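Visitor: Input: one structure, supplied below.
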Amino acid sequence: MLDGVHVPALVDRVLARLVERLPTYGSMPAEALTSDVRPMTERVLRGFVEALPEGGMPAAELVAQARESAIARGEEGIPMEAILDAYLLGLQECVTHLRPELEKAAMPEVIDFFGAVLTFQHVVHQAIAAGFLEHRASTAGETQAARGALLAALTDGGDATDAALRAGIRLPERYVVAALAIDPHPDELHEGVDHVMAGRRKVLRVRQELERQGHDVLTALSPTGGIALLATAGDERLHARITKAAGAKVTVAMEEATPAEVPRAVRLAREVLEVATKTRQEPGIYRLTDVLLEYQLTRPTEATARLRATLDPVDEDLLHTLDAYLDAGLRRNATAKALGVHANTVDNRLRRIGRLTGLDPTRPTDLPMLRAAVAVRRMD
């Protein structure tokens with residue numbers, strides 16, 4: 001039905017249709033069409049002619065060439081759908097060329113012919129998709145490695161200029177360094193669920209939400225949290241969006257810095273995050289000014305050990321009551337509800353704490369010392 005004699009004319013028609021129908025090919029340089037696309041089109045059409053007697057199964061060499069061609073086109077920025085469309089247009093041109101013969105052919109011949117067309121298309125399209133995805137995976141891996149190297153250079157305090165060039169990123173004048181603490185998603189705790197997969201999916205969602213802040217966001221995240229370098233702090237809804245993406249409670253500490261100051265900012269953000277989480281602040285976004293007192297009180301000094309020792313005479317039950325009392329804003333009824341006890345029980349326990357420590361939790365003048373002692377112990 002079709003022989004190699006017809007191929008050159010078919011190639012001309014296929015190229016004309018590619019340029020006419022597919023904008024990607026229409027905007028290609030003439031040199032690329034002549035030196036790359038045309039030779040591959042001819043090889044594919046001749047391969048199709050040779051495959052017809054074999055039920056449409058293309059030769060292994062042609063399949064390999066189609067794969068390599070897809071990788072090359074991918075490196076040029078041509079999308080996979082355009083490459084697949086180009087091959088389909090070629091086969092359609094073959095069918096159009098053969099229409100007079102197909103109209104005269106017996107039905108079994110027509111069925112065999114279109115079966116061969118589908119077989120050829122299926123095998124070649126698989127090769128194209130595999131080659132294109134291989135290229136994309138390789139490119140993505142190189143990009144991720146380059147961005148990881150840039151993040152490492154920034155956090156280690158080295159010269160990040162070369163790393164930024166390799167990553168294709170222009171360093172901003174200032175970064176917003178964010179340290180994150182992420183609670184487990186319910187799926188990570190659910191029996192019968194792949195906990196590792198659930199954690200990875202959570203990290204992916206959080207990373208995607210952070211990357212909405214800008215293309216040049218750098219992240220190093222795990223299911224429990226990590227570090228992100230943002231070009232902007234975002235708006236007041238950022239925490240809500242991150243929390244929704246994680247499907248779990250998220251606490252964030254932020255600190256601004258120039259690229260050279262990133263190591264200091266990372267250290268400070270992590271310290272602020274530790275203070276916020278260990279002193280049981282509500283999930284949210286915190287800066288040093290938000291936990292200034294707690295931060296100062298929990299820095300190791302000569303007074304730290306003595307503050308901690310203030311509560312040594314108090315047993316765990318009384319410490320739990322004191323924690324609940326402070327967390328409840330010094331409200332005895334709210335404390336009793338949180339503990340599941342009567343309000344009078346709370347009063348009795350607070351009096352016992354006063355007798356053991358010499359500091360009365362209900363006396364305003366003693367509260368600063370008790371708060372400081374509790375803050376220090378929470379950081380242990």
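By order of appearance in the structure tokens: chains A, B, ..., then residues from 1 within every chain, and ligands from 1 in the order shown.
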Compile the contact shell of segment 322-332 of chain A as a VMD selection string: residues with an atom at most 10 Å away, counting only C-alpha atoms, same-chain residues fewer than 4 positions apart removed.

Guide: chain A and resid 279 to 281 314 316 to 318 336 to 339 342 to 347 349 to 350 353 361 to 362 367 370 to 371 374 to 375 378

Visitor: Tell me, as a PDB file with all heavy atoms, in the first residue's frame, which residues lie within 8 Å of Ala149 of chain A, counting only C-alpha atoms; anything in the same chain fewer than 4 positions away does not count.

Guide:
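Result file selection_18.pdb:
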```pdb
ATOM      1  N   ALA A 145      19.427  19.935  42.938  1.00  0.00           N
ATOM      2  CA  ALA A 145      20.770  19.882  43.513  1.00  0.00           C
ATOM      3  C   ALA A 145      21.401  21.271  43.555  1.00  0.00           C
ATOM      4  O   ALA A 145      22.053  21.640  44.547  1.00  0.00           O
ATOM      5  CB  ALA A 145      21.643  18.930  42.697  1.00  0.00           C
ATOM      6  N   ALA A 153      25.184  26.952  50.823  1.00  0.00           N
ATOM      7  CA  ALA A 153      26.167  28.033  50.813  1.00  0.00           C
ATOM      8  C   ALA A 153      25.684  29.211  51.653  1.00  0.00           C
ATOM      9  O   ALA A 153      26.469  29.828  52.392  1.00  0.00           O
ATOM     10  CB  ALA A 153      26.432  28.486  49.379  1.00  0.00           C
ATOM     11  N   ALA A 163      27.086  29.724  43.470  1.00  0.00           N
ATOM     12  CA  ALA A 163      25.974  28.775  43.657  1.00  0.00           C
ATOM     13  C   ALA A 163      24.677  29.364  43.118  1.00  0.00           C
ATOM     14  O   ALA A 163      23.851  28.651  42.539  1.00  0.00           O
ATOM     15  CB  ALA A 163      25.825  28.416  45.137  1.00  0.00           C
TER      16      ALA A 163
END
```

Visitor: From the options A:Pro100, A:Gly26, A:Gly115, A:Pro259, which residue's atoms come nearest to Ala164 of chain A, counting only C-alpha atoms?

Guide: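 Comparing A:Pro100, A:Gly26, A:Gly115, A:Pro259 against Ala164 of chain A, the winner is A:Pro259.
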
Visitor: Atom CA of Arg241 of chain A and atom CA of Ala260 of chain A, how far apart in Å?

Guide: 29.3 Å

Visitor: Select from segment 137-257 of chain A everything DSSP, run on the backbone, classes as strand (DSSP E or B), then give the selection as a list in words.

Guide: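 DSSP on the backbone gives strand (DSSP E or B) at Tyr175, Val176, Val177, Ala178, Ala179, Leu180, Ala181, Ile182, Leu218, Thr219, Ala220, Leu221, Ser222, Gly225, Gly226, Ile227, Ala228, Leu229, Leu230, Val250, Thr251, Val252, Ala253, Met254, Glu255, Glu256 and Ala257 of chain A.
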
Visitor: Would you save the residues from that selection as a CSV table (one decimal), in the first residue's frame, using C-alpha atoms?

Guide:
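The resulting result.csv:
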```
chain,number,residue,atom,x,y,z
A,175,TYR,CA,15.9,37.2,52.8
A,176,VAL,CA,13.1,36.3,55.3
A,177,VAL,CA,14.5,33.2,57.1
A,178,ALA,CA,11.6,31.0,58.3
A,179,ALA,CA,12.1,28.1,60.8
A,180,LEU,CA,9.1,25.8,60.8
A,181,ALA,CA,7.8,23.2,63.3
A,182,ILE,CA,5.1,21.0,61.8
A,218,LEU,CA,14.7,27.8,49.0
A,219,THR,CA,13.6,25.1,51.4
A,220,ALA,CA,15.0,22.2,53.4
A,221,LEU,CA,11.9,20.5,55.0
A,222,SER,CA,11.1,17.2,56.7
A,225,GLY,CA,9.7,21.1,60.0
A,226,GLY,CA,12.8,22.8,58.6
A,227,ILE,CA,14.1,26.0,57.1
A,228,ALA,CA,12.9,28.2,54.2
A,229,LEU,CA,14.4,31.3,52.7
A,230,LEU,CA,11.8,33.6,51.3
A,250,VAL,CA,2.4,24.8,62.3
A,251,THR,CA,4.5,27.2,64.2
A,252,VAL,CA,6.9,29.5,62.3
A,253,ALA,CA,9.7,31.8,63.4
A,254,MET,CA,10.9,34.5,61.1
A,255,GLU,CA,14.0,36.7,60.9
A,256,GLU,CA,15.1,39.1,58.1
A,257,ALA,CA,18.7,39.1,56.9
```

Visitor: Need the shell around Arg21 of chain A: protein/DNA/RNA residues with any atom at most 10 Å away, counting only C-alpha atoms. Skip same-chain ones fewer than 6 positions apart. Format as a PyMOL selection string?

Guide: chain A and resi 15+85-86+89
